[in-house]
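Some notes on the structure that comes next.
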Amino acid sequence: MEATLLWIIETLNGSALSTFVMGNPYVFPILEMAHFMGLCLLFGSLLIIDLRIVGFASSVPIHKVDMFVRFALVGFAINLLTGLLFIVGDSERYLVNYAFWIKMAVIGFAGLNSIYFFRRIKPQLDTGTASTSLSGGAHLVAWLSLVTWSCVIVLGRFIPFVEDL
């Protein structure tokens with residue numbers, strides 16, 4: 001294991017926050033429940049948004065799904081916070097795990113896809129100009145969102161079962 005990674009793991013494991021997360025029998029399970037709820041909020045909202053963008057439920061005005069963007073952001077914020085607490089609490093599990101690092105890379109790609117969505121697609125939802133169709137590669141952005149976040153879910157489930165680096 002690389003010396004820098006070992007130092008990071010030892011530093012995190014020695015922190016009071018790590019002790020709090022791993023030393024209390026209720027904290028980690030509560031974090032897992034919150035992480036799952038955040039994921040449900042994030043992915044459920046993205047399903048509604050992305051499936052509508054690609055053409056499902058076309059009778060629903062496309063600007064109406066815009067409200068679900070807020071729910072997706074709240075879900076992402078919950079997962080970001082709980083995920084960071086998982087890493088601090090149990091860095092030996094996460095920071096040496098292939099599935100974790102691949103998951104982080106996929107989240108990074110999903111973030112780039114989201115930036116494109118917020119710059120090019122969401123303004124069309126905000127102005128209501130997209131009554132029936134969207135431009136700017138909206139279908140591709142929606143499909144990429146569905147695929148990448150599905151991969152994130154699968155990779156997250158792989159973490160307990162993948163060998164260390």
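In the structure tokens, chains take the letters A, B, ... in the order shown, each chain's residues start at 1, and ligands count up from 1 in the order shown.
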A:Met22 environment, 12 Å, only C-alpha atoms, sequence neighbours closer than 4 positions dropped, as a list of chain:residue names =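 Listed by chain and then number, they are A:Leu12, A:Asn13, A:Gly14, A:Ser15, A:Ala16, A:Leu17, A:Ser18, A:Tyr26, A:Val27, A:Phe28, A:Pro29, A:Ile30, A:Leu31, A:Leu85, A:Phe86, A:Ile87, A:Val88, A:Gly89, A:Asp90, A:Ser91, A:Glu92.
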Hey, can you spit out that residue selection with N, CA, C and O atoms as a PDB file, in the first residue's frame?
```pdb
ATOM      1  N   LEU A  12      -7.143   9.403   9.485  1.00  0.00           N
ATOM      2  CA  LEU A  12      -8.601   9.346   9.620  1.00  0.00           C
ATOM      3  C   LEU A  12      -9.015   8.424  10.764  1.00  0.00           C
ATOM      4  O   LEU A  12      -9.910   8.760  11.541  1.00  0.00           O
ATOM      5  N   ASN A  13      -8.372   7.270  10.864  1.00  0.00           N
ATOM      6  CA  ASN A  13      -8.712   6.329  11.938  1.00  0.00           C
ATOM      7  C   ASN A  13      -8.432   6.900  13.322  1.00  0.00           C
ATOM      8  O   ASN A  13      -9.092   6.527  14.283  1.00  0.00           O
ATOM      9  N   GLY A  14      -7.466   7.786  13.415  1.00  0.00           N
ATOM     10  CA  GLY A  14      -7.127   8.379  14.706  1.00  0.00           C
ATOM     11  C   GLY A  14      -7.960   9.588  15.072  1.00  0.00           C
ATOM     12  O   GLY A  14      -7.805  10.147  16.159  1.00  0.00           O
ATOM     13  N   SER A  15      -8.868   9.992  14.196  1.00  0.00           N
ATOM     14  CA  SER A  15      -9.660  11.195  14.451  1.00  0.00           C
ATOM     15  C   SER A  15     -10.818  10.907  15.406  1.00  0.00           C
ATOM     16  O   SER A  15     -11.313   9.781  15.509  1.00  0.00           O
ATOM     17  N   ALA A  16     -11.252  11.960  16.075  1.00  0.00           N
ATOM     18  CA  ALA A  16     -12.404  11.850  16.981  1.00  0.00           C
ATOM     19  C   ALA A  16     -13.672  11.512  16.200  1.00  0.00           C
ATOM     20  O   ALA A  16     -14.536  10.774  16.703  1.00  0.00           O
ATOM     21  N   LEU A  17     -13.776  12.015  14.978  1.00  0.00           N
ATOM     22  CA  LEU A  17     -14.960  11.738  14.165  1.00  0.00           C
ATOM     23  C   LEU A  17     -15.033  10.246  13.809  1.00  0.00           C
ATOM     24  O   LEU A  17     -16.103   9.638  13.852  1.00  0.00           O
ATOM     25  N   SER A  18     -13.886   9.652  13.500  1.00  0.00           N
ATOM     26  CA  SER A  18     -13.851   8.217  13.218  1.00  0.00           C
ATOM     27  C   SER A  18     -14.280   7.419  14.443  1.00  0.00           C
ATOM     28  O   SER A  18     -15.054   6.470  14.342  1.00  0.00           O
ATOM     29  N   TYR A  26     -24.872   2.860  17.258  1.00  0.00           N
ATOM     30  CA  TYR A  26     -26.028   3.362  16.531  1.00  0.00           C
ATOM     31  C   TYR A  26     -25.670   4.250  15.345  1.00  0.00           C
ATOM     32  O   TYR A  26     -26.468   4.378  14.420  1.00  0.00           O
ATOM     33  N   VAL A  27     -24.500   4.879  15.371  1.00  0.00           N
ATOM     34  CA  VAL A  27     -24.175   5.887  14.363  1.00  0.00           C
ATOM     35  C   VAL A  27     -24.056   5.274  12.968  1.00  0.00           C
ATOM     36  O   VAL A  27     -24.676   5.767  12.018  1.00  0.00           O
ATOM     37  N   PHE A  28     -23.250   4.238  12.802  1.00  0.00           N
ATOM     38  CA  PHE A  28     -23.053   3.673  11.464  1.00  0.00           C
ATOM     39  C   PHE A  28     -24.356   3.146  10.866  1.00  0.00           C
ATOM     40  O   PHE A  28     -24.663   3.451   9.702  1.00  0.00           O
ATOM     41  N   PRO A  29     -25.169   2.410  11.615  1.00  0.00           N
ATOM     42  CA  PRO A  29     -26.457   1.976  11.036  1.00  0.00           C
ATOM     43  C   PRO A  29     -27.380   3.148  10.669  1.00  0.00           C
ATOM     44  O   PRO A  29     -28.072   3.091   9.655  1.00  0.00           O
ATOM     45  N   ILE A  30     -27.373   4.201  11.474  1.00  0.00           N
ATOM     46  CA  ILE A  30     -28.188   5.375  11.149  1.00  0.00           C
ATOM     47  C   ILE A  30     -27.673   6.042   9.875  1.00  0.00           C
ATOM     48  O   ILE A  30     -28.453   6.445   9.012  1.00  0.00           O
ATOM     49  N   LEU A  31     -26.340   6.115   9.753  1.00  0.00           N
ATOM     50  CA  LEU A  31     -25.749   6.672   8.530  1.00  0.00           C
ATOM     51  C   LEU A  31     -26.124   5.830   7.308  1.00  0.00           C
ATOM     52  O   LEU A  31     -26.406   6.383   6.239  1.00  0.00           O
ATOM     53  N   LEU A  85     -18.759  10.612   5.887  1.00  0.00           N
ATOM     54  CA  LEU A  85     -18.683  10.049   7.237  1.00  0.00           C
ATOM     55  C   LEU A  85     -18.318   8.564   7.206  1.00  0.00           C
ATOM     56  O   LEU A  85     -17.591   8.087   8.069  1.00  0.00           O
ATOM     57  N   PHE A  86     -18.790   7.835   6.191  1.00  0.00           N
ATOM     58  CA  PHE A  86     -18.372   6.439   6.032  1.00  0.00           C
ATOM     59  C   PHE A  86     -16.863   6.356   5.824  1.00  0.00           C
ATOM     60  O   PHE A  86     -16.191   5.515   6.418  1.00  0.00           O
ATOM     61  N   ILE A  87     -16.341   7.216   4.968  1.00  0.00           N
ATOM     62  CA  ILE A  87     -14.910   7.189   4.660  1.00  0.00           C
ATOM     63  C   ILE A  87     -14.085   7.525   5.897  1.00  0.00           C
ATOM     64  O   ILE A  87     -13.096   6.856   6.197  1.00  0.00           O
ATOM     65  N   VAL A  88     -14.493   8.552   6.622  1.00  0.00           N
ATOM     66  CA  VAL A  88     -13.764   8.923   7.836  1.00  0.00           C
ATOM     67  C   VAL A  88     -13.873   7.810   8.872  1.00  0.00           C
ATOM     68  O   VAL A  88     -12.896   7.456   9.525  1.00  0.00           O
ATOM     69  N   GLY A  89     -15.048   7.253   9.012  1.00  0.00           N
ATOM     70  CA  GLY A  89     -15.275   6.239  10.033  1.00  0.00           C
ATOM     71  C   GLY A  89     -14.593   4.915   9.749  1.00  0.00           C
ATOM     72  O   GLY A  89     -14.087   4.259  10.656  1.00  0.00           O
ATOM     73  N   ASP A  90     -14.568   4.502   8.501  1.00  0.00           N
ATOM     74  CA  ASP A  90     -14.036   3.183   8.159  1.00  0.00           C
ATOM     75  C   ASP A  90     -13.142   3.278   6.926  1.00  0.00           C
ATOM     76  O   ASP A  90     -13.350   2.592   5.920  1.00  0.00           O
ATOM     77  N   SER A  91     -12.140   4.127   7.016  1.00  0.00           N
ATOM     78  CA  SER A  91     -11.268   4.389   5.865  1.00  0.00           C
ATOM     79  C   SER A  91     -10.536   3.145   5.388  1.00  0.00           C
ATOM     80  O   SER A  91     -10.231   3.019   4.205  1.00  0.00           O
ATOM     81  N   GLU A  92     -10.258   2.212   6.283  1.00  0.00           N
ATOM     82  CA  GLU A  92      -9.582   0.974   5.880  1.00  0.00           C
ATOM     83  C   GLU A  92     -10.441   0.133   4.932  1.00  0.00           C
ATOM     84  O   GLU A  92      -9.906  -0.622   4.133  1.00  0.00           O
TER      85      GLU A  92
END
```
request  = Determine, counting only C-alpha atoms, which protein, DNA and RNA residues have an atom within 7 Å of an atom of A:Ile121; residues of the same chain fewer than 3 positions away are not included. Present the result as a count of residues only.
outcome  = 6
request  = Could you tell me, as number ranges by chain, which residues of chain A DSSP assigns to helix (DSSP H, G or I) when given the backbone?
outcome  = A: 3-13, 16-23, 27-53, 62-89, 91-94, 98-127, 138-161
message = Calculated over only C-alpha atoms, which of the candidates A:Cys40, A:Ile53, A:Ala3, A:Leu112 has the smallest distance to A:Trp143?
response =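 Counting only C-alpha atoms, the residue closest to A:Trp143 is A:Ile53.
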key: Near-A:Leu80 list (12 Å; only C-alpha atoms; drop same-chain fewer than 2 positions) as a PyMOL selection string   = chain A and resi 31+34-36+38-39+42+73-78+82-87+104+107
Write a file of the selected residues as a compact mmCIF listing (two decimals), in the first residue's frame, keeping C-alpha atoms.
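Dumped everything to result-v8.txt:
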```
# COMPACT_ATOMS: atom_id res chain seq x y z
CA LEU A 31 -25.75 6.67 8.53
CA ALA A 34 -29.76 7.95 5.77
CA HIS A 35 -27.48 7.04 2.84
CA PHE A 36 -30.12 4.65 1.50
CA GLY A 38 -30.72 9.87 0.17
CA LEU A 39 -30.08 7.42 -2.65
CA LEU A 42 -31.68 11.08 -5.64
CA LEU A 73 -29.98 17.69 -5.06
CA VAL A 74 -31.18 17.08 -1.51
CA GLY A 75 -30.65 13.34 -1.98
CA PHE A 76 -27.16 13.95 -3.36
CA ALA A 77 -26.31 16.22 -0.41
CA ILE A 78 -27.45 13.53 2.05
CA THR A 82 -23.07 10.29 4.85
CA GLY A 83 -20.52 8.99 2.33
CA LEU A 84 -17.83 11.26 3.74
CA LEU A 85 -18.68 10.05 7.24
CA PHE A 86 -18.37 6.44 6.03
CA ILE A 87 -14.91 7.19 4.66
CA MET A 104 -15.96 7.60 -7.23
CA ILE A 107 -19.76 9.72 -9.69
```
key: Proximity to A:Val152 - best of A:Gly137, A:Gly108, A:Gly55, A:Pro123, only C-alpha atoms   =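 Answer, going by the shortest atom-to-atom distance: A:Gly108.
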